[in-house]
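Novice: Just entry-v3.tsv, nothing more (TSV, C-alpha atoms):
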chain	number	residue	atom	x	y	z
A	1	MET	CA	-7.66	-12.94	51.30
A	2	SER	CA	-11.36	-13.65	51.34
A	3	GLU	CA	-12.71	-17.09	52.12
A	4	HIS	CA	-14.14	-17.61	48.68
A	5	VAL	CA	-14.18	-16.12	45.22
A	6	ASN	CA	-17.25	-15.55	43.09
A	7	ILE	CA	-17.25	-16.86	39.55
A	8	THR	CA	-19.90	-17.36	36.91
A	9	ILE	CA	-20.03	-20.58	34.91
A	10	ASP	CA	-22.72	-20.89	32.22
A	11	ASP	CA	-24.71	-18.02	33.79
A	12	ARG	CA	-24.62	-19.69	37.20
A	13	GLU	CA	-22.99	-17.74	40.02
A	14	ILE	CA	-20.97	-19.94	42.33
A	15	LYS	CA	-18.70	-19.44	45.32
A	16	VAL	CA	-15.48	-21.41	45.21
A	17	ARG	CA	-12.31	-21.82	47.25
A	18	PRO	CA	-9.53	-19.37	46.28
A	19	GLY	CA	-6.71	-21.05	44.39
A	20	GLU	CA	-8.99	-23.80	43.12
A	21	LYS	CA	-8.59	-24.89	39.51
A	22	LEU	CA	-11.55	-24.03	37.30
A	23	LEU	CA	-12.20	-27.65	36.34
A	24	TRP	CA	-12.68	-28.82	39.93
A	25	ALA	CA	-14.70	-25.74	40.83
A	26	ALA	CA	-17.12	-26.60	38.03
A	27	LEU	CA	-17.27	-30.35	38.73
A	28	GLU	CA	-17.94	-29.79	42.43
A	29	ASN	CA	-20.90	-27.62	41.47
A	30	ASP	CA	-22.32	-30.27	39.15
A	31	ILE	CA	-21.23	-28.47	36.00
A	32	TYR	CA	-19.76	-31.08	33.69
A	33	ILE	CA	-16.56	-30.42	31.77
A	34	PRO	CA	-15.06	-33.38	29.87
A	35	HIS	CA	-11.75	-34.54	31.32
A	36	LEU	CA	-9.55	-37.64	31.50
A	37	CYS	CA	-6.07	-36.80	32.70
A	38	ALA	CA	-6.91	-34.29	35.45
A	39	ILE	CA	-5.89	-35.20	38.99
A	40	LYS	CA	-7.06	-32.84	41.70
A	41	GLU	CA	-4.10	-33.34	44.03
A	42	GLU	CA	-1.54	-32.78	41.31
A	43	SER	CA	0.14	-29.40	41.67
A	44	ARG	CA	1.17	-29.19	38.02
A	45	PRO	CA	-1.54	-30.78	35.87
A	46	ASN	CA	-0.50	-32.84	32.86
A	47	ALA	CA	-3.13	-31.11	30.72
A	48	SER	CA	-2.53	-33.78	28.11
A	49	CYS	CA	-6.03	-35.00	27.23
A	50	ARG	CA	-7.06	-31.61	25.75
A	51	LEU	CA	-10.71	-32.20	26.58
A	52	CYS	CA	-11.44	-29.67	29.35
A	53	PHE	CA	-11.41	-26.52	27.23
A	54	VAL	CA	-13.63	-23.61	28.30
A	55	GLU	CA	-14.02	-20.00	27.25
A	56	ILE	CA	-13.21	-17.26	29.75
A	57	ASP	CA	-14.49	-13.71	29.23
A	58	GLY	CA	-11.58	-11.46	28.28
A	59	ILE	CA	-9.43	-14.25	26.82
A	60	ASP	CA	-9.96	-14.71	23.10
A	61	TYR	CA	-8.90	-18.35	22.91
A	62	PRO	CA	-10.21	-21.40	24.79
A	63	VAL	CA	-8.16	-22.47	27.83
A	64	ALA	CA	-7.76	-25.83	29.58
A	65	ALA	CA	-9.88	-25.64	32.75
A	66	CYS	CA	-7.56	-27.98	34.64
A	67	THR	CA	-4.67	-25.52	34.54
A	68	ARG	CA	-6.52	-22.25	35.16
A	69	GLN	CA	-7.03	-20.95	38.69
A	70	VAL	CA	-10.31	-19.29	39.56
A	71	GLU	CA	-10.28	-15.51	39.86
A	72	GLU	CA	-12.80	-13.13	41.40
A	73	GLY	CA	-15.44	-12.14	38.88
A	74	MET	CA	-14.37	-14.72	36.28
A	75	VAL	CA	-17.06	-15.39	33.68
A	76	VAL	CA	-16.80	-18.82	32.10
A	77	LYS	CA	-18.64	-20.64	29.34
A	78	THR	CA	-18.22	-24.41	29.07
A	79	ARG	CA	-19.53	-24.51	25.50
A	80	SER	CA	-18.79	-22.44	22.40
A	81	THR	CA	-18.11	-23.15	18.75
A	82	LYS	CA	-14.35	-23.00	19.35
A	83	VAL	CA	-14.51	-25.22	22.44
A	84	ASP	CA	-16.73	-27.78	20.76
A	85	ARG	CA	-14.43	-28.02	17.76
A	86	LEU	CA	-11.34	-28.52	19.92
A	87	VAL	CA	-13.01	-31.11	22.13
A	88	LYS	CA	-14.42	-32.97	19.13
A	89	THR	CA	-11.02	-33.18	17.47
A	90	ALA	CA	-9.25	-34.27	20.66
A	91	PHE	CA	-11.94	-36.87	21.25
A	92	GLU	CA	-11.74	-38.21	17.70
A	93	LEU	CA	-7.96	-38.45	17.95
A	94	LEU	CA	-8.32	-40.45	21.17
A	95	LEU	CA	-10.79	-42.78	19.46
A	96	SER	CA	-8.43	-43.30	16.51
A	97	ASP	CA	-6.19	-45.20	18.94
A	98	HIS	CA	-8.96	-46.88	20.93
A	99	ASN	CA	-10.49	-50.33	20.73
A	100	LEU	CA	-14.12	-49.50	20.07
A	101	LYS	CA	-15.63	-52.90	20.77
A	102	CYS	CA	-17.62	-51.47	23.67
A	103	SER	CA	-19.91	-54.50	23.99
A	104	GLU	CA	-16.85	-56.63	24.84
A	105	CYS	CA	-15.43	-54.09	27.29
A	106	PRO	CA	-15.79	-54.54	31.06
A	107	ALA	CA	-16.20	-50.76	31.41
A	108	ASN	CA	-19.20	-50.62	29.05
A	109	ARG	CA	-21.76	-48.17	30.48
A	110	ASN	CA	-19.24	-47.08	33.10
A	111	CYS	CA	-16.71	-45.46	30.81
A	112	ALA	CA	-15.36	-41.92	30.76
A	113	LEU	CA	-15.30	-41.88	26.95
A	114	GLN	CA	-18.95	-42.92	26.74
A	115	ARG	CA	-19.84	-40.20	29.25
A	116	ILE	CA	-18.04	-37.54	27.20
A	117	ALA	CA	-19.73	-38.78	24.01
A	118	LYS	CA	-23.13	-38.61	25.69
A	119	GLU	CA	-22.62	-35.18	27.28
A	120	ARG	CA	-21.24	-33.58	24.13
A	121	GLY	CA	-23.25	-35.42	21.51
A	122	LEU	CA	-20.17	-37.08	19.99
A	123	LYS	CA	-20.13	-40.41	18.23
A	124	LEU	CA	-18.14	-43.40	19.41
A	125	LYS	CA	-17.03	-44.19	15.88
A	126	HIS	CA	-13.99	-43.85	13.70
A	127	ASN	CA	-14.92	-41.11	11.36
A	128	ARG	CA	-12.50	-38.37	10.37
A	129	PHE	CA	-9.37	-40.17	11.57
A	130	LYS	CA	-8.57	-43.68	10.48
A	131	PRO	CA	-7.89	-46.13	13.32
A	132	ILE	CA	-4.15	-46.50	13.96
A	133	GLY	CA	-4.57	-50.16	14.79
A	134	ARG	CA	-1.65	-50.55	17.15
A	135	GLU	CA	-1.21	-54.12	18.31
A	136	PHE	CA	-0.72	-54.86	21.97
A	137	GLU	CA	-0.20	-57.94	24.05
A	138	LEU	CA	-2.76	-58.39	26.78
A	139	ASP	CA	-1.13	-58.52	30.21
A	140	ASP	CA	-3.31	-60.88	32.23
A	141	SER	CA	-0.49	-62.01	34.52
A	142	PRO	CA	-1.96	-60.65	37.79
A	143	ALA	CA	-4.47	-62.93	39.55
A	144	GLU	CA	-7.21	-60.33	40.03
A	145	PHE	CA	-6.95	-58.00	37.06
A	146	ALA	CA	-5.64	-57.52	33.53
A	147	PHE	CA	-4.25	-54.69	31.42
A	148	ASP	CA	-5.49	-54.27	27.84
A	149	ARG	CA	-3.53	-51.42	26.28
A	150	SER	CA	-5.79	-51.31	23.23
A	151	ARG	CA	-8.31	-49.51	25.47
A	152	CYS	CA	-5.80	-47.21	27.18
A	153	VAL	CA	-6.35	-43.46	26.73
A	154	LEU	CA	-2.93	-42.51	28.19
A	155	CYS	CA	-4.52	-40.38	30.91
A	156	GLY	CA	-1.96	-41.40	33.52
A	157	GLN	CA	-4.51	-41.99	36.31
A	158	CYS	CA	-3.08	-45.48	36.96
A	159	ILE	CA	0.44	-44.07	37.17
A	160	TRP	CA	-0.66	-41.55	39.80
A	161	ALA	CA	-2.51	-44.25	41.80
A	162	ASP	CA	0.49	-46.55	41.51
A	163	ARG	CA	2.93	-43.90	42.71
A	164	VAL	CA	1.05	-41.72	45.16
A	165	GLY	CA	-1.50	-44.25	46.39
A	166	ALA	CA	0.38	-47.54	46.34
A	167	GLU	CA	3.98	-46.24	46.25
A	168	ALA	CA	4.78	-49.20	44.03
A	169	TRP	CA	6.44	-47.22	41.19
A	170	ILE	CA	5.65	-49.86	38.62
A	171	PHE	CA	3.78	-47.97	35.91
A	172	GLY	CA	5.21	-45.22	33.74
A	173	PHE	CA	5.02	-43.76	30.26
A	174	ALA	CA	7.38	-45.01	27.55
A	175	ASN	CA	8.11	-44.34	23.88
A	176	ARG	CA	7.19	-41.18	22.05
A	177	GLY	CA	4.46	-39.75	19.86
A	178	ILE	CA	2.15	-42.28	18.31
A	179	ASP	CA	3.98	-45.16	20.04
A	180	ARG	CA	3.38	-43.74	23.54
A	181	VAL	CA	2.27	-46.37	26.05
A	182	VAL	CA	1.66	-46.83	29.73
A	183	THR	CA	4.00	-49.64	30.59
A	184	THR	CA	6.35	-51.26	33.07
A	185	PHE	CA	10.13	-51.50	33.11
A	186	ASN	CA	11.17	-53.32	29.92
A	187	ASN	CA	7.48	-53.91	29.21
A	188	LEU	CA	7.56	-56.82	31.69
A	189	PRO	CA	4.34	-58.53	32.76
A	190	LEU	CA	2.99	-57.11	36.03
A	191	ALA	CA	3.35	-60.43	37.86
A	192	GLU	CA	7.11	-60.35	37.30
A	193	LEU	CA	7.41	-57.02	39.12
A	194	LYS	CA	6.94	-55.87	42.69
A	195	CYS	CA	3.19	-55.49	42.12
A	196	ASN	CA	1.27	-56.57	45.22
A	197	GLU	CA	-2.05	-56.35	43.35
A	198	CYS	CA	-3.49	-53.58	45.52
A	199	THR	CA	-5.70	-52.81	42.46
A	200	LEU	CA	-5.65	-49.03	43.10
A	201	CYS	CA	-4.66	-48.62	39.45
A	202	VAL	CA	-7.69	-50.65	38.33
A	203	ASP	CA	-10.01	-48.44	40.36
A	204	ALA	CA	-8.33	-45.34	38.89
A	205	CYS	CA	-8.75	-46.38	35.25
A	206	PRO	CA	-11.54	-44.26	33.69
A	207	VAL	CA	-11.97	-46.71	30.81
A	208	GLY	CA	-11.69	-50.49	30.45
A	209	ALA	CA	-7.91	-50.76	30.01
A	210	LEU	CA	-7.26	-51.99	33.56
A	211	TYR	CA	-10.11	-54.25	34.60
A	212	TYR	CA	-11.03	-56.94	37.08
A	213	LYS	CA	-11.01	-60.37	35.53
A	214	ARG	CA	-14.31	-61.19	37.24
A	215	GLU	CA	-15.94	-58.37	35.26
A	216	GLN	CA	-14.56	-59.59	31.97
A	217	LYS	CA	-17.08	-60.31	29.26
A	218	VAL	CA	-16.60	-63.46	27.26
B	1	MET	CA	18.67	-59.76	24.78
B	2	SER	CA	20.64	-62.17	26.96
B	3	LEU	CA	24.08	-61.13	28.13
B	4	ILE	CA	27.21	-62.87	26.90
B	5	GLU	CA	29.91	-64.25	29.15
B	6	GLY	CA	31.73	-61.64	31.22
B	7	GLU	CA	29.38	-58.88	30.03
B	8	LYS	CA	27.58	-58.56	33.35
B	9	GLU	CA	30.78	-57.65	35.21
B	10	HIS	CA	31.71	-55.18	32.48
B	11	ILE	CA	28.30	-53.48	32.70
B	12	LEU	CA	28.42	-53.24	36.48
B	13	ALA	CA	31.94	-51.77	36.40
B	14	CYS	CA	30.95	-49.23	33.74
B	15	VAL	CA	27.86	-48.03	35.56
B	16	LYS	CA	29.78	-47.81	38.82
B	17	GLU	CA	32.46	-45.70	37.15
B	18	VAL	CA	29.95	-43.34	35.51
B	19	LEU	CA	27.94	-42.96	38.71
B	20	GLY	CA	31.15	-42.24	40.63
B	21	GLU	CA	32.18	-39.45	38.27
B	22	ASN	CA	28.84	-37.62	38.13
B	23	THR	CA	26.27	-35.97	40.33
B	24	LYS	CA	23.54	-38.48	40.93
B	25	THR	CA	20.46	-36.34	40.38
B	26	ARG	CA	17.33	-36.75	38.30
B	27	GLU	CA	18.28	-33.69	36.21
B	28	ASN	CA	21.54	-35.38	35.30
B	29	LEU	CA	19.96	-38.61	34.04
B	30	ILE	CA	20.41	-37.96	30.32
B	31	PRO	CA	24.18	-37.31	30.54
B	32	LEU	CA	24.48	-40.41	32.76
B	33	LEU	CA	22.69	-42.58	30.21
B	34	GLN	CA	24.73	-41.04	27.39
B	35	GLN	CA	28.01	-41.86	29.12
B	36	VAL	CA	26.98	-45.43	29.89
B	37	GLN	CA	25.86	-45.94	26.30
B	38	HIS	CA	29.09	-44.41	25.02
B	39	LYS	CA	31.08	-46.98	27.00
B	40	LEU	CA	28.88	-50.03	26.35
B	41	GLY	CA	27.50	-49.23	22.89
B	42	TYR	CA	23.95	-49.66	24.18
B	43	LEU	CA	21.83	-49.52	27.33
B	44	PRO	CA	21.33	-53.01	28.73
B	45	SER	CA	18.49	-53.57	31.23
B	46	LEU	CA	20.99	-54.25	33.96
B	47	ALA	CA	22.63	-50.84	33.42
B	48	MET	CA	19.25	-49.09	33.56
B	49	GLU	CA	18.40	-50.90	36.79
B	50	LYS	CA	21.73	-49.95	38.38
B	51	ILE	CA	21.39	-46.30	37.30
B	52	ALA	CA	17.87	-46.20	38.75
B	53	GLU	CA	19.25	-47.57	42.00
B	54	GLY	CA	22.14	-45.09	42.05
B	55	VAL	CA	20.03	-42.01	41.29
B	56	ASN	CA	17.04	-43.26	43.31
B	57	VAL	CA	14.39	-43.00	40.60
B	58	PRO	CA	11.97	-45.76	39.54
B	59	THR	CA	13.40	-48.13	36.93
B	60	VAL	CA	10.34	-47.53	34.73
B	61	ASP	CA	11.27	-43.82	34.54
B	62	ILE	CA	14.72	-44.71	33.19
B	63	TYR	CA	13.02	-46.99	30.67
B	64	GLY	CA	10.59	-44.21	29.74
B	65	LEU	CA	13.44	-41.74	29.24
B	66	ALA	CA	15.56	-44.17	27.22
B	67	THR	CA	12.64	-45.10	24.94
B	68	PHE	CA	11.62	-41.45	24.44
B	69	TYR	CA	14.88	-40.38	22.81
B	70	ASN	CA	16.10	-41.84	19.54
B	71	GLN	CA	19.71	-41.53	20.66
B	72	PHE	CA	19.38	-44.38	23.14
B	73	ARG	CA	19.40	-47.98	22.03
B	74	MET	CA	18.34	-50.97	24.10
B	75	ASN	CA	19.93	-53.61	21.86
B	76	PRO	CA	23.67	-54.18	21.46
B	77	PRO	CA	25.12	-53.11	18.11
B	78	GLY	CA	25.69	-56.16	15.90
B	79	LYS	CA	29.06	-57.09	14.39
B	80	HIS	CA	27.54	-55.90	11.12
B	81	GLN	CA	25.31	-52.84	11.39
B	82	VAL	CA	22.85	-52.32	8.59
B	83	LYS	CA	21.09	-48.98	8.33
B	84	VAL	CA	18.25	-48.66	5.85
B	85	CYS	CA	17.35	-45.16	4.71
B	86	LEU	CA	13.69	-44.25	4.85
B	87	GLY	CA	14.08	-40.60	3.93
B	88	THR	CA	11.62	-39.16	1.40
B	89	ALA	CA	13.45	-40.23	-1.78
B	90	CYS	CA	14.33	-43.72	-0.51
B	91	TYR	CA	10.84	-44.23	0.85
B	92	MET	CA	9.28	-43.27	-2.48
B	93	VAL	CA	11.29	-45.89	-4.38
B	94	GLY	CA	10.55	-48.66	-1.89
B	95	GLY	CA	12.97	-48.25	1.01
B	96	ASP	CA	10.36	-49.91	3.22
B	97	ILE	CA	10.47	-52.99	0.96
B	98	THR	CA	14.26	-53.04	1.29
B	99	LEU	CA	13.91	-52.84	5.07
B	100	GLU	CA	11.39	-55.68	5.05
B	101	SER	CA	13.76	-57.80	2.96
B	102	PHE	CA	16.50	-57.32	5.55
B	103	GLU	CA	14.06	-58.11	8.35
B	104	ARG	CA	13.15	-61.39	6.66
B	105	ARG	CA	16.73	-62.37	5.88
B	106	MET	CA	18.07	-61.48	9.34
B	107	GLU	CA	14.95	-62.79	11.08
B	108	ILE	CA	14.81	-59.70	13.28
B	109	LYS	CA	12.75	-56.52	13.31
B	110	GLU	CA	13.98	-52.99	12.73
B	111	GLY	CA	15.83	-51.75	15.84
B	112	GLU	CA	16.77	-55.26	16.93
B	113	THR	CA	19.96	-57.32	17.04
B	114	SER	CA	20.19	-60.98	16.03
B	115	PRO	CA	20.64	-63.35	19.02
B	116	ASP	CA	24.17	-64.26	17.83
B	117	ARG	CA	24.89	-60.50	17.70
B	118	LEU	CA	26.16	-60.74	14.12
B	119	PHE	CA	23.59	-58.32	12.69
B	120	SER	CA	21.74	-55.26	13.86
B	121	LEU	CA	19.18	-53.48	11.73
B	122	GLU	CA	18.21	-49.80	11.96
B	123	ARG	CA	16.34	-47.22	9.96
B	124	VAL	CA	17.80	-43.80	9.27
B	125	ALA	CA	16.31	-40.67	7.78
B	126	CYS	CA	18.47	-39.61	4.83
B	127	VAL	CA	22.11	-40.44	4.31
B	128	GLY	CA	22.60	-37.56	1.89
B	129	CYS	CA	22.85	-39.36	-1.46
B	130	CYS	CA	19.25	-39.45	-2.63
B	131	THR	CA	20.23	-40.09	-6.27
B	132	LEU	CA	21.25	-43.59	-5.17
B	133	ALA	CA	17.89	-44.31	-3.57
B	134	PRO	CA	17.02	-46.68	-1.99
B	135	VAL	CA	20.18	-46.36	0.09
B	136	VAL	CA	21.53	-48.76	2.70
B	137	VAL	CA	24.61	-48.22	4.87
B	138	VAL	CA	26.38	-51.49	5.71
B	139	ASP	CA	29.12	-51.00	8.30
B	140	ASP	CA	29.77	-47.41	7.13
B	141	LYS	CA	29.83	-48.46	3.47
B	142	VAL	CA	27.10	-46.81	1.39
B	143	GLU	CA	25.20	-49.15	-0.94
B	144	GLY	CA	22.99	-47.57	-3.61
B	145	LYS	CA	19.90	-48.80	-5.47
B	146	VAL	CA	19.34	-51.62	-3.01
B	147	THR	CA	16.55	-53.80	-4.39
B	148	PRO	CA	15.47	-57.01	-2.60
B	149	THR	CA	17.80	-58.94	-4.96
B	150	ARG	CA	20.69	-56.72	-3.91
B	151	VAL	CA	19.72	-57.38	-0.27
B	152	ASP	CA	20.30	-61.09	-0.92
B	153	GLY	CA	23.72	-60.23	-2.39
B	154	ILE	CA	24.68	-58.07	0.60
B	155	MET	CA	23.56	-60.77	3.05
B	156	LEU	CA	25.50	-63.41	1.11
B	157	ALA	CA	28.68	-61.32	1.31
B	158	LEU	CA	28.19	-60.66	5.03
B	159	ASN	CA	27.53	-64.34	5.77
B	160	GLU	CA	30.58	-65.35	3.76
B	161	GLU	CA	32.69	-62.93	5.75
B	162	ASN	CA	31.26	-64.32	8.99
B	163	GLY	CA	31.92	-67.87	7.80
B	164	LYS	CA	35.57	-67.01	7.08
B	165	ALA	CA	35.97	-65.34	10.46
B	166	ALA	CA	34.48	-68.40	12.18
B	167	ALA	CA	36.69	-70.78	10.18
B	168	GLU	CA	39.80	-68.84	11.19
B	169	GLN	CA	38.86	-69.17	14.85
B	170	LYS	CA	37.97	-72.85	14.71
B	171	PRO	CA	41.43	-74.46	14.29
B	172	ASP	CA	42.60	-72.86	17.55
B	173	GLN	CA	39.57	-74.19	19.38
B	174	SER	CA	40.00	-77.75	18.11
B	175	GLU	CA	43.67	-77.70	19.14
B	176	GLY	CA	42.59	-76.54	22.54
B	177	ASP	CA	40.12	-79.42	22.74
B	178	ASP	CA	42.75	-81.97	21.77
B	179	ASN	CA	45.06	-80.71	24.47
B	180	GLY	CA	42.30	-80.92	26.95
B	181	HIS	CA	41.55	-84.54	26.19
B	182	SER	CA	45.12	-85.83	26.14
Write the structure described by the file as structure tokens, please.
Specialist:
Amino acid sequence: MSEHVNITIDDREIKVRPGEKLLWAALENDIYIPHLCAIKEESRPNASCRLCFVEIDGIDYPVAACTRQVEEGMVVKTRSTKVDRLVKTAFELLLSDHNLKCSECPANRNCALQRIAKERGLKLKHNRFKPIGREFELDDSPAEFAFDRSRCVLCGQCIWADRVGAEAWIFGFANRGIDRVVTTFNNLPLAELKCNECTLCVDACPVGALYYKREQKV
Amino acid sequence: MSLIEGEKEHILACVKEVLGENTKTRENLIPLLQQVQHKLGYLPSLAMEKIAEGVNVPTVDIYGLATFYNQFRMNPPGKHQVKVCLGTACYMVGGDITLESFERRMEIKEGETSPDRLFSLERVACVGCCTLAPVVVVDDKVEGKVTPTRVDGIMLALNEENGKAAAEQKPDQSEGDDNGHS
């Protein structure tokens, strides 16, 4: 097997490691593809955020870049009418369950959703889909940080950090469908669990759901 | 939901028995939870913690699994179980209003059990007698055309029944007290 494979993304020829997933190959070559749930080390990607769609020559439907391995001679386009429509819908669905008070959010200007909106020319507004308006209790029980589920995008980055990084096994997904949440056993406050406040989960959060209290805006 | 006297021992014994009879693997979690729920009527936190310990998976994963499937319940069934139908026909004629009426009268939310464990309230999707909509099933008895006024009637009957049951128990207790004092 050769040391690298040649692929073309948006007319740019790049050399990438064999076996690499398309998403990471693109990102490492400064080609932006929207993504939230992708974790490079994960052998079987969740592929749940539905944002990293790309078009591959020879396949007549868009595919999720986080699940597709690079192949020699692959020709990829990160934008197309089909891709843009899928990403727009997925993004709007995420926003329909997202607290859009960005000015009050500690992650304002450092937020994965804002980056996607900027890169793809999408609006951070409720438009086609009405806001669901789920109500959550703020968990501010830890000393250093807090968890505001109204800003959670269910990407699972905190769960990965909690399990693989911290080996604390505190966070997990619960409920189903529209009621899906990232939560703890019995929805207990973090301070009542074996959380040693390593804050790896806070660093992993791409939005302002897990945030440091010192960065909180009044 | 706090446990009642002697319940803790019962839960521990049940989980121990189920874990002893089955292979303790992640793939086998759903049958394990089903068996425990079959014995206890619900999945108390303590049971979920003990299963997590026995199978060596995080407790939050058991919680995630149990909340994902409708078949698992986290609250004990009440002495009187009220199921409000929210199927299409019942919903169209105000099944949600009926449900709200029960929630107000029982002072609990759908899916919960009253602290005294007398009532539990659930929603179901079609009982199969849509002509009687909105339908409510009270302890396996089907009640048709349940308006908020009828909810009051049903609650009155249930409370009366509970009052009678309590009154029948009381004389024994007072005798016991007298003996204790003398």
Novice: Compile the contact shell of range 76-90 of chain B as a count of residues only: residues with an atom at most 9 Å away, counting all atoms listed in the file, same-chain residues fewer than 3 positions apart removed.
Specialist: 41
Novice: Distance limit 9 Å, atoms considered: only C-alpha atoms. Which chain A residues sit that close to chain B? Return them as a ChimeraX atom specification.
Specialist: /A:169-177,180,183-187
Novice: Hey, which of A:Ile39, A:Val83, A:Ala161, A:Leu200 ends up closest to Tyr61 in chain A? Count only C-alpha atoms.
Specialist: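 Checking each of A:Ile39, A:Val83, A:Ala161, A:Leu200 against Tyr61 in chain A, counting only C-alpha atoms, the winner is A:Val83.
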Novice: List every protein, DNA or RNA residue that has an atom no more than 9 Å from (-7.7, -46.0, 34.2) in the file's coordinate frame, counting only C-alpha atoms, and report them as a short mmCIF file (atom, residue, chain, number, x, y, z; two decimals) with C-alpha atoms, in the frame of the given file.
Specialist:
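New file out02.cif:
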data_model
loop_
_atom_site.label_atom_id
_atom_site.label_comp_id
_atom_site.auth_asym_id
_atom_site.auth_seq_id
_atom_site.Cartn_x
_atom_site.Cartn_y
_atom_site.Cartn_z
CA LEU A 36 -9.55 -37.64 31.50
CA CYS A 152 -5.80 -47.21 27.18
CA VAL A 153 -6.35 -43.46 26.73
CA LEU A 154 -2.93 -42.51 28.19
CA CYS A 155 -4.52 -40.38 30.91
CA GLY A 156 -1.96 -41.40 33.52
CA GLN A 157 -4.51 -41.99 36.31
CA CYS A 158 -3.08 -45.48 36.96
CA ILE A 159 0.44 -44.07 37.17
CA CYS A 201 -4.66 -48.62 39.45
CA VAL A 202 -7.69 -50.65 38.33
CA ASP A 203 -10.01 -48.44 40.36
CA ALA A 204 -8.33 -45.34 38.89
CA CYS A 205 -8.75 -46.38 35.25
CA PRO A 206 -11.54 -44.26 33.69
CA VAL A 207 -11.97 -46.71 30.81
CA GLY A 208 -11.69 -50.49 30.45
CA ALA A 209 -7.91 -50.76 30.01
CA LEU A 210 -7.26 -51.99 33.56
CA TYR A 211 -10.11 -54.25 34.60
#
Novice: (-14.1, -49.8, 22.6) in this file's frame - what residues fall within 10 Å of it? Use all atoms listed in the file and give the answer as a VMD selection string.
Specialist: chain A and resid 95 97 to 108 111 113 to 114 124 to 125 150 to 152 207 to 209
Novice: Can you work out which one of B:Leu12, B:Ile97, B:Gly153, B:Val55 has the shortest atom-to-atom distance to Val36 in chain B, counting only C-alpha atoms?
Specialist: B:Leu12
Novice: Might you pull out every residue within 9 Å of Lys24 in chain B, with all atoms listed in the file counted and same-chain residues fewer than 3 positions away left off, and present them as a list in words?
Specialist: Leu19, Gly20, Glu27, Asn28, Leu29, Leu32, Ile51, Gly54, Val55 and Asn56 of chain B
Novice: Would you kindly return, as a PDB file with C-alpha atoms, in the coordinates of the input, each protein, DNA or RNA residue with an atom no farther than 9 Å from any atom of Met74 in chain A, considering only C-alpha atoms and excluding same-chain residues fewer than 3 positions away?
Specialist:
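Saved result, out.pdb, follows:
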ATOM      1  CA  ASN A   6     -17.250 -15.550  43.090  1.00  0.00           C
ATOM      2  CA  ILE A   7     -17.250 -16.860  39.550  1.00  0.00           C
ATOM      3  CA  THR A   8     -19.900 -17.360  36.910  1.00  0.00           C
ATOM      4  CA  ILE A   9     -20.030 -20.580  34.910  1.00  0.00           C
ATOM      5  CA  ILE A  56     -13.210 -17.260  29.750  1.00  0.00           C
ATOM      6  CA  ASP A  57     -14.490 -13.710  29.230  1.00  0.00           C
ATOM      7  CA  VAL A  70     -10.310 -19.290  39.560  1.00  0.00           C
ATOM      8  CA  GLU A  71     -10.280 -15.510  39.860  1.00  0.00           C
TER       9      GLU A  71
END
Novice: Can you sort out the box for range 184-189 of chain A, edges along x, y and z, all listed atoms in, 6 Å on every side, with centre and edge lengths in Å to one decimal, as AutoDock Vina command-line options?
Specialist:
--center_x 7.8 --center_y -54.9 --center_z 31.2 --size_x 18.8 --size_y 19.3 --size_z 15.9
Novice: Given all atoms listed in the file as the basis, pick out the residue of A:His4, A:Arg214, A:Arg120, A:Glu28 nearest to Val16 in chain A.
Specialist: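 Selected residue with least distance to Val16 in chain A: A:His4.
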Novice: Find the residue from A:Pro131, A:Gly121, A:Pro142, A:Gly165 that sits nearest to Asn196 in chain A; use all atoms listed in the file when measuring.
Specialist: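 Going through A:Pro131, A:Gly121, A:Pro142, A:Gly165 one by one, the smallest distance to Asn196 in chain A is for A:Pro142.
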Novice: Measuring atom to atom with only C-alpha atoms, identify which of A:Arg128, A:Pro45, A:Ile33, A:Asp60 is nearest to Trp160 in chain A.
Specialist: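 Checking each of A:Arg128, A:Pro45, A:Ile33, A:Asp60 against Trp160 in chain A, counting only C-alpha atoms, the winner is A:Pro45.
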Novice: Between CA of Pro115 in chain B and CA of Asp148 in chain A, what is the distance, to one decimal in Å?
Specialist: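 Straight-line distance from CA of Pro115 in chain B to CA of Asp148 in chain A works out to 29.0 Å.
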